[in-house]
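The next block is upload_12.cif, given as mmCIF, C-alpha atoms and all ligand atoms.
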```
data_my_file
#
loop_
_atom_site.label_atom_id
_atom_site.label_comp_id
_atom_site.auth_asym_id
_atom_site.auth_seq_id
_atom_site.Cartn_x
_atom_site.Cartn_y
_atom_site.Cartn_z
CA MET P 1 18.65 -26.83 11.62
CA THR P 2 17.54 -23.44 12.95
CA TYR P 3 14.12 -22.14 13.90
CA GLN P 4 12.86 -18.63 14.46
CA LEU P 5 9.24 -18.05 15.38
CA LYS P 6 7.75 -14.71 14.41
CA TYR P 7 4.47 -13.96 16.11
CA LEU P 8 2.46 -11.26 17.80
CA SER P 9 2.66 -10.37 21.50
CA LEU P 10 -0.16 -12.87 22.11
CA ARG P 11 -0.79 -16.50 23.06
CA ALA P 12 -3.53 -17.21 20.49
CA ARG P 13 -2.26 -19.16 17.45
CA GLY P 14 1.39 -18.74 18.45
CA GLU P 15 1.03 -20.63 21.70
CA ALA P 16 0.45 -23.99 20.00
CA VAL P 17 3.60 -23.52 17.91
CA ARG P 18 5.59 -22.59 21.02
CA TRP P 19 4.38 -25.70 22.86
CA VAL P 20 5.22 -28.03 19.97
CA LEU P 21 8.70 -26.48 19.64
CA LYS P 22 9.29 -26.91 23.36
CA VAL P 23 8.03 -30.49 23.55
CA ALA P 24 10.07 -31.37 20.46
CA GLY P 25 13.06 -30.21 22.49
CA VAL P 26 14.49 -27.99 19.77
CA THR P 27 16.25 -24.68 20.22
CA TYR P 28 14.46 -21.69 18.71
CA THR P 29 14.35 -17.95 18.97
CA GLU P 30 11.22 -15.85 18.92
CA GLU P 31 10.63 -12.41 17.56
CA THR P 32 7.58 -10.88 19.19
CA ILE P 33 5.73 -8.16 17.32
CA ASP P 34 3.41 -5.86 19.26
CA ILE P 35 -0.04 -6.19 17.74
CA PHE P 36 -0.90 -2.50 18.05
CA ARG P 37 2.42 -0.62 17.86
CA GLU P 38 4.42 -2.71 15.37
CA TRP P 39 2.21 -5.07 13.38
CA PRO P 40 0.56 -2.57 10.97
CA GLY P 41 3.98 -1.35 9.84
CA ARG P 42 5.43 -4.87 9.52
CA LYS P 43 2.56 -6.84 7.99
CA HIS P 44 3.94 -6.36 4.46
CA GLU P 45 7.11 -8.30 5.43
CA PHE P 46 5.14 -11.56 5.64
CA LYS P 47 4.34 -13.59 2.53
CA PHE P 48 0.76 -14.31 3.62
CA ARG P 49 0.48 -10.98 5.54
CA LYS P 50 -0.25 -13.16 8.58
CA VAL P 51 1.61 -14.77 11.45
CA PRO P 52 2.73 -17.14 12.91
CA GLU P 53 5.67 -17.60 10.60
CA LEU P 54 8.34 -20.13 11.40
CA VAL P 55 11.66 -19.48 9.70
CA VAL P 56 13.15 -22.91 9.09
CA ASP P 57 16.81 -22.86 8.14
CA GLY P 58 16.25 -19.36 6.74
CA LYS P 59 13.05 -20.23 4.84
CA PRO P 60 9.63 -18.90 5.93
CA LEU P 61 6.84 -21.35 6.66
CA HIS P 62 3.25 -20.24 7.27
CA GLN P 63 -0.04 -21.62 8.60
CA THR P 64 -0.25 -22.72 12.21
CA THR P 65 -1.38 -26.30 11.67
CA VAL P 66 1.08 -26.83 8.81
CA ILE P 67 3.95 -25.54 10.97
CA CYS P 68 3.00 -27.79 13.89
CA ARG P 69 2.59 -30.86 11.69
CA PHE P 70 5.95 -30.20 10.06
CA LEU P 71 7.63 -29.96 13.47
CA GLY P 72 5.89 -33.10 14.68
CA GLU P 73 6.93 -35.11 11.63
CA ARG P 74 10.47 -33.79 11.67
CA HIS P 75 11.03 -34.43 15.37
CA ASP P 76 9.47 -37.84 15.84
CA LEU P 77 6.28 -36.61 17.44
CA ALA P 78 3.88 -37.93 14.81
CA SER P 79 1.92 -41.02 13.87
CA GLY P 80 3.45 -42.84 10.92
CA ASP P 81 0.03 -43.88 9.65
CA LEU P 82 -1.71 -41.70 7.05
CA TRP P 83 -5.29 -42.52 8.11
CA THR P 84 -4.47 -41.87 11.79
CA THR P 85 -2.84 -38.54 10.98
CA THR P 86 -5.75 -37.58 8.76
CA ARG P 87 -8.29 -38.31 11.50
CA GLN P 88 -6.14 -36.46 14.03
CA MET P 89 -6.12 -33.49 11.66
CA GLU P 90 -9.94 -33.38 11.74
CA VAL P 91 -9.90 -32.34 15.39
CA VAL P 92 -6.83 -30.15 15.00
CA GLU P 93 -8.56 -28.14 12.27
CA ALA P 94 -11.89 -28.12 14.09
CA LEU P 95 -10.38 -26.67 17.26
CA HIS P 96 -8.21 -24.28 15.29
CA ASP P 97 -11.32 -22.99 13.44
CA LEU P 98 -12.50 -21.48 16.73
CA ALA P 99 -9.53 -19.13 16.56
CA ASN P 100 -11.33 -17.25 13.78
CA SER P 101 -14.43 -16.58 15.89
CA MET P 102 -12.35 -15.70 18.93
CA ALA P 103 -10.14 -13.33 16.91
CA SER P 104 -13.26 -11.58 15.57
CA ALA P 105 -14.65 -11.29 19.11
CA LEU P 106 -11.38 -9.80 20.37
CA MET P 107 -11.27 -7.35 17.49
CA ALA P 108 -14.90 -6.36 18.12
CA ARG P 109 -14.03 -5.69 21.76
CA VAL P 110 -11.19 -3.36 20.75
CA GLN P 111 -13.59 -1.57 18.40
CA GLY P 112 -16.22 -1.29 21.13
CA ASP P 113 -18.73 -3.32 19.09
CA GLU P 114 -20.40 -5.24 21.90
CA GLU P 115 -23.06 -6.81 19.68
CA ARG P 116 -20.51 -8.37 17.32
CA GLN P 117 -18.38 -9.43 20.27
CA LYS P 118 -21.35 -11.32 21.75
CA VAL P 119 -22.22 -12.97 18.43
CA MET P 120 -18.65 -14.15 17.79
CA VAL P 121 -18.14 -15.41 21.36
CA GLY P 122 -21.53 -17.15 21.09
CA LEU P 123 -20.46 -18.97 17.91
CA ALA P 124 -17.23 -20.19 19.51
CA GLU P 125 -18.97 -21.10 22.75
CA ALA P 126 -21.60 -23.20 20.95
CA GLN P 127 -19.02 -25.00 18.81
CA PHE P 128 -16.55 -25.64 21.63
CA PRO P 129 -18.36 -28.65 23.21
CA VAL P 130 -19.00 -30.11 19.76
CA VAL P 131 -15.29 -30.11 19.04
CA LEU P 132 -14.40 -31.39 22.51
CA SER P 133 -16.79 -34.33 22.22
CA ASN P 134 -15.07 -35.32 18.96
CA ILE P 135 -11.66 -35.09 20.63
CA GLU P 136 -12.95 -37.06 23.62
CA GLU P 137 -14.08 -39.91 21.31
CA ARG P 138 -10.61 -40.15 19.81
CA ILE P 139 -8.63 -40.38 23.05
CA THR P 140 -7.22 -43.89 23.49
CA ASN P 141 -6.76 -45.92 26.66
CA LYS P 142 -3.25 -44.47 26.81
CA GLY P 143 -4.74 -40.96 27.01
CA TRP P 144 -3.53 -39.66 23.64
CA ILE P 145 -5.46 -38.74 20.51
CA LEU P 146 -5.73 -41.83 18.27
CA SER P 147 -2.32 -42.92 19.45
CA GLN P 148 -0.63 -45.08 22.05
CA GLN P 149 1.97 -42.37 22.54
CA MET P 150 2.00 -38.60 22.60
CA THR P 151 2.13 -36.84 19.25
CA TRP P 152 2.28 -33.16 18.30
CA VAL P 153 -1.52 -33.32 17.97
CA ASP P 154 -1.88 -33.80 21.74
CA VAL P 155 0.45 -30.90 22.38
CA PHE P 156 -1.41 -28.67 19.91
CA ILE P 157 -4.80 -29.55 21.43
CA ALA P 158 -3.52 -29.05 25.00
CA ALA P 159 -2.13 -25.61 24.11
CA TYR P 160 -5.48 -24.52 22.71
CA LEU P 161 -7.39 -25.99 25.67
CA ASP P 162 -5.09 -24.04 27.98
CA VAL P 163 -6.18 -20.83 26.23
CA TYR P 164 -9.87 -21.72 25.89
CA GLU P 165 -10.17 -22.85 29.50
CA ASN P 166 -9.61 -19.18 30.33
CA TYR P 167 -12.30 -18.01 27.93
CA PHE P 168 -14.85 -20.67 28.90
CA PRO P 169 -13.98 -21.63 32.48
CA GLY P 170 -15.05 -25.11 33.55
CA GLU P 171 -16.00 -26.22 30.02
CA VAL P 172 -12.98 -28.44 29.38
CA ALA P 173 -13.57 -30.30 32.66
CA LYS P 174 -16.93 -31.50 31.28
CA PHE P 175 -14.85 -33.77 29.04
CA PRO P 176 -12.72 -35.79 31.48
CA LEU P 177 -10.37 -37.31 28.91
CA CYS P 178 -9.71 -33.89 27.33
CA GLU P 179 -9.13 -32.42 30.78
CA ALA P 180 -6.68 -35.21 31.68
CA LEU P 181 -4.85 -34.72 28.37
CA ARG P 182 -4.59 -30.97 28.97
CA ARG P 183 -3.17 -31.54 32.45
CA ARG P 184 -0.75 -34.25 31.33
CA VAL P 185 0.80 -31.98 28.72
CA GLN P 186 0.74 -28.93 31.02
CA ASP P 187 2.59 -30.92 33.65
CA MET P 188 5.51 -31.74 31.36
CA PRO P 189 8.51 -29.91 32.86
CA VAL P 190 9.18 -27.92 29.70
CA ILE P 191 5.58 -26.70 29.46
CA LYS P 192 5.26 -26.15 33.20
CA ALA P 193 8.33 -23.91 33.11
CA TRP P 194 7.00 -21.97 30.10
CA ARG P 195 3.58 -21.44 31.71
CA GLU P 196 5.34 -19.97 34.74
CA GLU P 197 7.67 -17.68 32.80
CA ARG P 198 5.51 -16.58 29.84
CA PRO P 199 4.25 -12.98 29.70
CA PRO P 200 0.80 -12.24 31.15
CA TRP P 201 -2.16 -11.87 28.76
CA HIS P 202 -1.81 -8.97 26.36
CA PRO P 203 -4.77 -6.60 26.96
CA PHE P 204 -6.03 -7.49 23.44
CA GLU P 205 -6.68 -11.12 24.41
CA ASP P 206 -7.31 -10.77 28.13
CA PRO P 207 -10.13 -13.20 28.98
CA GLN P 208 -11.48 -10.80 31.61
CA GLY P 209 -14.90 -9.59 30.51
CA LEU P 210 -14.72 -11.17 27.06
CA VAL P 211 -17.57 -13.63 27.45
CA ALA P 212 -19.81 -11.26 29.43
CA PRO P 213 -18.86 -7.85 28.01
CA SER P 214 -21.13 -5.79 30.25
CA GLY P 215 -20.15 -7.69 33.36
CA GLY P 216 -23.41 -9.68 33.52
CA PRO P 217 -23.99 -13.34 32.74
CA PRO P 218 -22.89 -14.46 29.26
N1 LIG Y 301 -4.65 -19.59 8.70
C1 LIG Y 301 -3.64 -18.80 9.35
C2 LIG Y 301 -4.30 -17.60 10.02
C3 LIG Y 301 -3.25 -16.68 10.59
C4 LIG Y 301 -3.86 -15.47 11.28
O1 LIG Y 301 -5.03 -15.10 11.06
N2 LIG Y 301 -3.04 -14.83 12.10
C5 LIG Y 301 -3.42 -13.63 12.79
C6 LIG Y 301 -2.83 -13.63 14.19
S1 LIG Y 301 -3.39 -15.00 15.15
C7 LIG Y 301 -2.86 -12.43 12.08
O2 LIG Y 301 -1.82 -12.51 11.44
N3 LIG Y 301 -3.54 -11.29 12.24
C8 LIG Y 301 -3.08 -10.03 11.76
C9 LIG Y 301 -3.71 -9.59 10.48
O3 LIG Y 301 -4.54 -10.32 9.90
O4 LIG Y 301 -3.40 -8.48 10.06
C10 LIG Y 301 -2.90 -19.67 10.38
O5 LIG Y 301 -3.51 -20.62 10.86
O6 LIG Y 301 -1.74 -19.42 10.69
#
```
Turn this file's structure into structure tokens for me.
Ligand SMILES: N[C@@H](CCC(=O)N[C@@H](CS)C(=O)NCC(=O)O)C(=O)O
Amino acid sequence: MTYQLKYLSLRARGEAVRWVLKVAGVTYTEETIDIFREWPGRKHEFKFRKVPELVVDGKPLHQTTVICRFLGERHDLASGDLWTTTRQMEVVEALHDLANSMASALMARVQGDEERQKVMVGLAEAQFPVVLSNIEERITNKGWILSQQMTWVDVFIAAYLDVYENYFPGEVAKFPLCEALRRRVQDMPVIKAWREERPPWHPFEDPQGLVAPSGGPP
């Protein structure tokens, strides 16, 4: 089985896929497409005109949560119970929804539209604790989401929390079980190594100044 991840030169949605691939322990290659220089000319190559795309044994697979679930199920990182998986998916989708608001905020910043940037950041910022409280409620005494052992869902959530912690500093720590989950996954050798070696933030998604565009309080 072969995997090739095609994604932009960003963390964003691609980071969760990278983390699940790494924790699953599979070999993969990644093709990184620069969001400004290359993407406009390459968009037409992708069936949904979006990335991430994971090429699985030569066949393209789209949609971030679908890709991660597929990897989890295929590599023994998933609950075998339909109701458990379904309830895990509620928080996966809820956290992933924030990517839309954040992407709009980042795009507004590039376009110099400070008003829209503030509105979109505000939407994500208001929803963030709502989602985290739902995740917090689902964390078991073993520290994993609706599970006695780690699943891809924990890895997915930790990857997003790693990104959002930079956008909303200190917010994850308000939810101690979420914070512990984030740290536990981050401390896995394979993720620790990746966090040390991965490229710095692309200017498009740099958290600096995103929440308080004019440099004042958010
Ligand atoms: N529902 C899709 C959304 C994918 C998506 O919006 N990807 C962004 C990058 S994170 C993209 O391809 N943007 C470029 C564009 O829309 O032209 C998923 O979860 O994978």
With all atoms listed in the file counted, which protein, DNA or RNA residues have an atom no more than 9 Å from (4.9, -25.5, 27.2) in the file frame? Please answer as a PyMOL selection string. chain P and resi 15-16+18-23+155+159+185-195
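The spacing separating atom CA of Arg182 of chain P from atom CA of Asp162 of chain P amounts to 7.0 Å.
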Figure out the distance between atom CA of Gln117 of chain P and atom CA of Pro200 of chain P, please, to one decimal in Å. 22.2 Å
For ligand LIG 301 (chain Y), the nearest of the candidates P:Glu115, P:Glu179, P:Glu38, P:Asp76, counting all atoms listed in the file: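 With all atoms listed in the file as the atom set, the closest residue is P:Glu38.
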List all protein, DNA and RNA residues that have at least one atom no more than 9 Å from any atom of ligand LIG 301 (chain Y), counting only C-alpha atoms and all ligand atoms, and write them as a list of chain:residue names.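 Using only C-alpha atoms and all ligand atoms, everything at most 9 Å from ligand LIG 301 (chain Y) comes to P:Tyr7, P:Leu8, P:Leu10, P:Arg11, P:Ala12, P:Arg13, P:Gly14, P:Ile35, P:Trp39, P:Pro40, P:Lys43, P:Phe48, P:Arg49, P:Lys50, P:Val51, P:Pro52, P:Glu53, P:His62, P:Gln63, P:Thr64, P:Thr65, P:Val66, P:Ile67, P:His96, P:Asp97, P:Ala99, P:Asn100, P:Ala103.
The shortest atom-to-atom distance to Thr27 of chain P, with only C-alpha atoms taken into account, belongs to P:Thr2 out of P:Leu54, P:Thr2, P:Val130, P:Trp83.
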Find the distance between atom CA of Gln208 of chain P and atom CA of Gly170 of chain P and write it in Å to one decimal.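 For atom CA of Gln208 of chain P relative to atom CA of Gly170 of chain P, the distance reads 14.9 Å.
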With all atoms listed in the file as the basis for distance, which of P:Thr86, P:Ser101, P:Gln111, P:Asn166 is at the shortest distance from Asp206 of chain P?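 Looking at the shortest contact to Asp206 of chain P, the residue is P:Asn166.
If you measure from each of P:Trp201, P:Phe175, P:Trp144, P:Tyr28 to Val163 of chain P using all atoms listed in the file, the closest one turns out to be P:Trp201.
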Let me make sure I understand: among P:Leu98, P:Ile145, P:Leu106, P:Leu161, which one has the smallest atom-to-atom distance to Leu123 of chain P if we use only C-alpha atoms? P:Leu98
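When all atoms listed in the file are used to measure the gap to Ala158 of chain P, the shortest distance among P:Met120, P:Met102, P:Leu5, P:Val92 belongs to P:Val92.
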Could you write out as lines of an AutoDock Vina configuration file the box around segment 68-83 of chain P (axis-aligned, all atoms listed in the file, 8 Å on each side), with centre and edge lengths in Å to one decimal?
```
center_x = 2.9
center_y = -35.8
center_z = 12.2
size_x = 32.3
size_y = 32.1
size_z = 26.4
```
Test item: which residues lie within 12 Å of (-14.9, -22.0, 29.9) counting all atoms listed in the file, as number ranges by chain: P: 121, 124-126, 128-129, 132, 161-175, 179, 207-208, 210-212, 218
